[in-house]
Amino acid sequence: MSEAIWTVYLSGEIHTDWRERIIDAVDRMDLPVEFVGPVTVHADSDDCGAVILGEEDQPFWRDHKGAKLNAIRTRTLMERADIAVVRFGDKYKQWNAAFDAGFAAALGTPLITLHDENLTHALKEVDGAALAVAREPEQVAEILAYVIDGTLNR
């Protein structure tokens, strides 16, 4: 097993258990991985700017404050990440996930996208920047095992 600890940034939709499934599978494989990512409590992510820096009268400026604080976390953790995994779900417009995928690509951080087949056409440019496109969280764990340890589960 590799001695280095790999940092994997998990970005994307927050309404399913995909993060837990990857983390559980990686733990079972005993891989040297540290997982990081955005704040996944939606209300905290939305409200952080107003709570910390003060409320705003206009929604634009309220969102602007929160986005800036969240960007500090995202930029810092993404720049330190060895690999970025971005999950796109079927519900909601996931502009943040698309932005994170583009940011990873711009940084040269290896990118794995994770989404159902029905989103393939909509995400063709994002997938074009990815080094792997997975359909299931367990496939992401298997990719991590292969790239970290050279382990291929057959």
# chains A, B, ... in the order shown; residues from 1 in each chain; ligands from 1
>>> residues_around(residues="A:Ile23", least_positions_apart="3", cutoff="8 Å", atoms="only C-alpha atoms", output="count of residues only")
6
>>> atom_distance(atom1="atom CA of A:Asp116", atom2="atom CA of A:Arg135")
5.5 Å
>>> residues_around(residues="A:Asp17", least_positions_apart="6", cutoff="12 Å", atoms="only C-alpha atoms", output="PDB file with N, CA, C and O atoms, in the first residue's frame")
ATOM      1  N   ILE A  23     -16.917   6.876   0.749  1.00  0.00           N
ATOM      2  CA  ILE A  23     -16.105   6.832   1.969  1.00  0.00           C
ATOM      3  C   ILE A  23     -16.128   5.430   2.578  1.00  0.00           C
ATOM      4  O   ILE A  23     -15.069   4.897   2.960  1.00  0.00           O
ATOM      5  N   ASP A  24     -17.291   4.813   2.654  1.00  0.00           N
ATOM      6  CA  ASP A  24     -17.395   3.458   3.209  1.00  0.00           C
ATOM      7  C   ASP A  24     -16.590   2.454   2.390  1.00  0.00           C
ATOM      8  O   ASP A  24     -15.876   1.608   2.947  1.00  0.00           O
ATOM      9  N   THR A  40     -21.875  20.845   3.336  1.00  0.00           N
ATOM     10  CA  THR A  40     -23.012  20.171   2.716  1.00  0.00           C
ATOM     11  C   THR A  40     -24.324  20.403   3.455  1.00  0.00           C
ATOM     12  O   THR A  40     -25.355  19.857   3.067  1.00  0.00           O
ATOM     13  N   ARG A  87     -20.120  15.040  -8.374  1.00  0.00           N
ATOM     14  CA  ARG A  87     -21.355  14.286  -8.572  1.00  0.00           C
ATOM     15  C   ARG A  87     -22.461  15.217  -9.072  1.00  0.00           C
ATOM     16  O   ARG A  87     -22.705  16.286  -8.493  1.00  0.00           O
ATOM     17  N   GLY A  89     -26.515  15.107  -9.824  1.00  0.00           N
ATOM     18  CA  GLY A  89     -27.738  14.347  -9.598  1.00  0.00           C
ATOM     19  C   GLY A  89     -28.814  14.744 -10.574  1.00  0.00           C
ATOM     20  O   GLY A  89     -28.645  15.650 -11.399  1.00  0.00           O
ATOM     21  N   GLU A 136     -21.560   4.849 -10.624  1.00  0.00           N
ATOM     22  CA  GLU A 136     -21.867   4.462  -9.252  1.00  0.00           C
ATOM     23  C   GLU A 136     -20.737   4.887  -8.319  1.00  0.00           C
ATOM     24  O   GLU A 136     -19.567   4.838  -8.710  1.00  0.00           O
ATOM     25  N   PRO A 137     -21.063   5.279  -7.093  1.00  0.00           N
ATOM     26  CA  PRO A 137     -20.022   5.678  -6.139  1.00  0.00           C
ATOM     27  C   PRO A 137     -18.962   4.599  -5.917  1.00  0.00           C
ATOM     28  O   PRO A 137     -17.773   4.909  -5.755  1.00  0.00           O
ATOM     29  N   GLU A 138     -19.356   3.345  -5.944  1.00  0.00           N
ATOM     30  CA  GLU A 138     -18.404   2.261  -5.740  1.00  0.00           C
ATOM     31  C   GLU A 138     -17.362   2.203  -6.851  1.00  0.00           C
ATOM     32  O   GLU A 138     -16.218   1.792  -6.617  1.00  0.00           O
TER      33      GLU A 138
END
>>> residues_around(residues="A:Val39", least_positions_apart="4", cutoff="9 Å", atoms="only C-alpha atoms", output="ChimeraX atom specification")
/A:44-45,70,73
>>> residues_around(residues="A:Gly49", least_positions_apart="4", cutoff="6 Å", atoms="only C-alpha atoms", output="mmCIF file with C-alpha atoms, in the first residue's frame")
data_model
loop_
_atom_site.group_PDB
_atom_site.id
_atom_site.type_symbol
_atom_site.label_atom_id
_atom_site.label_comp_id
_atom_site.auth_asym_id
_atom_site.auth_seq_id
_atom_site.Cartn_x
_atom_site.Cartn_y
_atom_site.Cartn_z
ATOM 1 C CA LEU A 53 -20.705 39.355 8.349
ATOM 2 C CA LYS A 65 -21.339 37.321 0.926
ATOM 3 C CA GLY A 66 -22.063 33.636 1.341
#
>>> select_by_dssp(residues="stretch 16-137 of chain A", states="strand (DSSP E or B)", output="PyMOL selection string")
chain A and resi 33-36+83-87+111-114+132-134
>>> write_last_selection(atoms="all heavy atoms", output="short mmCIF file (atom, residue, chain, number, x, y, z; two decimals), in the first residue's frame")
data_model
loop_
_atom_site.label_atom_id
_atom_site.label_comp_id
_atom_site.auth_asym_id
_atom_site.auth_seq_id
_atom_site.Cartn_x
_atom_site.Cartn_y
_atom_site.Cartn_z
N VAL A 33 -6.68 7.69 2.18
CA VAL A 33 -7.40 8.80 1.57
C VAL A 33 -8.01 9.68 2.66
O VAL A 33 -8.60 9.18 3.61
CB VAL A 33 -8.52 8.30 0.63
CG1 VAL A 33 -9.36 9.46 0.10
CG2 VAL A 33 -7.93 7.49 -0.52
N GLU A 34 -7.85 10.98 2.46
CA GLU A 34 -8.54 11.99 3.28
C GLU A 34 -9.57 12.64 2.36
O GLU A 34 -9.23 13.10 1.26
CB GLU A 34 -7.54 13.03 3.78
CG GLU A 34 -8.20 14.22 4.43
CD GLU A 34 -7.25 15.40 4.65
OE1 GLU A 34 -6.30 15.56 3.87
OE2 GLU A 34 -7.50 16.14 5.60
N PHE A 35 -10.81 12.70 2.81
CA PHE A 35 -11.87 13.31 2.02
C PHE A 35 -12.15 14.71 2.54
O PHE A 35 -12.23 14.93 3.75
CB PHE A 35 -13.15 12.49 2.09
CG PHE A 35 -13.04 11.18 1.37
CD1 PHE A 35 -12.82 10.00 2.07
CD2 PHE A 35 -13.14 11.12 -0.01
CE1 PHE A 35 -12.71 8.79 1.42
CE2 PHE A 35 -13.03 9.91 -0.68
CZ PHE A 35 -12.81 8.74 0.03
N VAL A 36 -12.27 15.65 1.60
CA VAL A 36 -12.63 17.03 1.92
C VAL A 36 -13.70 17.47 0.94
O VAL A 36 -13.97 16.80 -0.05
CB VAL A 36 -11.40 17.98 1.84
CG1 VAL A 36 -10.36 17.60 2.88
CG2 VAL A 36 -10.79 17.98 0.45
N ILE A 83 -7.17 14.69 -6.19
CA ILE A 83 -8.21 14.27 -7.13
C ILE A 83 -9.50 14.98 -6.73
O ILE A 83 -9.77 15.16 -5.55
CB ILE A 83 -8.44 12.74 -7.07
CG1 ILE A 83 -7.17 11.99 -7.50
CG2 ILE A 83 -9.63 12.31 -7.92
CD1 ILE A 83 -7.25 10.48 -7.30
N ALA A 84 -10.29 15.36 -7.73
CA ALA A 84 -11.62 15.92 -7.48
C ALA A 84 -12.66 14.98 -8.06
O ALA A 84 -12.52 14.49 -9.19
CB ALA A 84 -11.76 17.30 -8.11
N VAL A 85 -13.69 14.71 -7.27
CA VAL A 85 -14.84 13.93 -7.71
C VAL A 85 -16.03 14.86 -7.68
O VAL A 85 -16.31 15.48 -6.65
CB VAL A 85 -15.09 12.71 -6.80
CG1 VAL A 85 -16.32 11.94 -7.27
CG2 VAL A 85 -13.86 11.81 -6.75
N VAL A 86 -16.74 14.96 -8.79
CA VAL A 86 -17.90 15.85 -8.86
C VAL A 86 -19.12 15.03 -9.25
O VAL A 86 -19.15 14.39 -10.31
CB VAL A 86 -17.68 17.01 -9.86
CG1 VAL A 86 -18.90 17.92 -9.89
CG2 VAL A 86 -16.43 17.80 -9.49
N ARG A 87 -20.12 15.04 -8.37
CA ARG A 87 -21.36 14.29 -8.57
C ARG A 87 -22.46 15.22 -9.07
O ARG A 87 -22.70 16.29 -8.49
CB ARG A 87 -21.78 13.65 -7.24
CG ARG A 87 -23.21 13.19 -7.15
CD ARG A 87 -23.46 11.92 -7.89
NE ARG A 87 -24.86 11.52 -7.68
CZ ARG A 87 -25.53 10.76 -8.50
NH1 ARG A 87 -24.95 10.27 -9.57
NH2 ARG A 87 -26.78 10.46 -8.26
N LEU A 111 -9.84 14.88 -12.55
CA LEU A 111 -11.28 14.99 -12.30
C LEU A 111 -11.98 13.70 -12.64
O LEU A 111 -11.75 13.12 -13.71
CB LEU A 111 -11.84 16.14 -13.15
CG LEU A 111 -13.35 16.32 -13.19
CD1 LEU A 111 -13.90 16.66 -11.81
CD2 LEU A 111 -13.72 17.40 -14.21
N ILE A 112 -12.82 13.25 -11.71
CA ILE A 112 -13.72 12.12 -11.94
C ILE A 112 -15.13 12.67 -11.81
O ILE A 112 -15.47 13.30 -10.81
CB ILE A 112 -13.53 11.01 -10.89
CG1 ILE A 112 -12.09 10.48 -10.92
CG2 ILE A 112 -14.54 9.89 -11.10
CD1 ILE A 112 -11.74 9.59 -9.73
N THR A 113 -15.95 12.48 -12.84
CA THR A 113 -17.36 12.86 -12.71
C THR A 113 -18.17 11.61 -12.38
O THR A 113 -17.80 10.49 -12.71
CB THR A 113 -17.92 13.52 -13.99
OG1 THR A 113 -17.75 12.65 -15.10
CG2 THR A 113 -17.22 14.85 -14.26
N LEU A 114 -19.29 11.86 -11.70
CA LEU A 114 -20.17 10.79 -11.25
C LEU A 114 -21.59 11.22 -11.54
O LEU A 114 -22.05 12.23 -11.01
CB LEU A 114 -19.96 10.54 -9.75
CG LEU A 114 -20.89 9.59 -9.03
CD1 LEU A 114 -20.81 8.18 -9.61
CD2 LEU A 114 -20.57 9.58 -7.53
N ALA A 132 -12.11 10.30 -15.85
CA ALA A 132 -12.98 9.13 -15.71
C ALA A 132 -14.40 9.61 -15.47
O ALA A 132 -14.62 10.63 -14.83
CB ALA A 132 -12.52 8.25 -14.56
N VAL A 133 -15.35 8.85 -15.99
CA VAL A 133 -16.78 9.11 -15.79
C VAL A 133 -17.37 7.86 -15.15
O VAL A 133 -17.40 6.80 -15.77
CB VAL A 133 -17.50 9.44 -17.11
CG1 VAL A 133 -18.98 9.67 -16.86
CG2 VAL A 133 -16.86 10.64 -17.78
N ALA A 134 -17.81 7.98 -13.91
CA ALA A 134 -18.37 6.85 -13.18
C ALA A 134 -19.88 6.97 -13.09
O ALA A 134 -20.42 8.09 -13.10
CB ALA A 134 -17.76 6.77 -11.78
#
>>> closest_residue(among="A:Lys124, A:Lys91, A:His15, A:Arg75", to="A:Phe103", atoms="only C-alpha atoms")
A:Arg75
>>> residues_around(residues="A:Trp95", least_positions_apart="6", cutoff="12 Å", atoms="only C-alpha atoms", output="list in words")
Ser11, Gly12, Glu13, Val86, Arg87, Phe88, Gly89, Ala101, Gly102, Leu123 and Val126 of chain A
>>> write_last_selection(atoms="C-alpha atoms", output="short mmCIF file (atom, residue, chain, number, x, y, z; two decimals), in the first residue's frame")
data_model
loop_
_atom_site.label_atom_id
_atom_site.label_comp_id
_atom_site.auth_asym_id
_atom_site.auth_seq_id
_atom_site.Cartn_x
_atom_site.Cartn_y
_atom_site.Cartn_z
CA SER A 11 -18.18 18.05 -4.78
CA GLY A 12 -21.72 18.05 -6.02
CA GLU A 13 -25.26 17.24 -5.07
CA VAL A 86 -17.90 15.85 -8.86
CA ARG A 87 -21.36 14.29 -8.57
CA PHE A 88 -24.27 15.48 -10.66
CA GLY A 89 -27.74 14.35 -9.60
CA ALA A 101 -15.53 20.65 -12.20
CA GLY A 102 -14.31 23.55 -14.33
CA LEU A 123 -22.57 16.94 -19.29
CA VAL A 126 -17.71 18.43 -18.35
#
>>> closest_residue(among="A:Gln139, A:Ala67, A:Gly150, A:Pro59", to="A:Asn96", atoms="only C-alpha atoms")
A:Ala67
>>> residues_around(residues="A:Thr76", least_positions_apart="3", cutoff="12 Å", atoms="only C-alpha atoms", output="ChimeraX atom specification")
/A:9,36-38,69-73,79-81,103-104,107
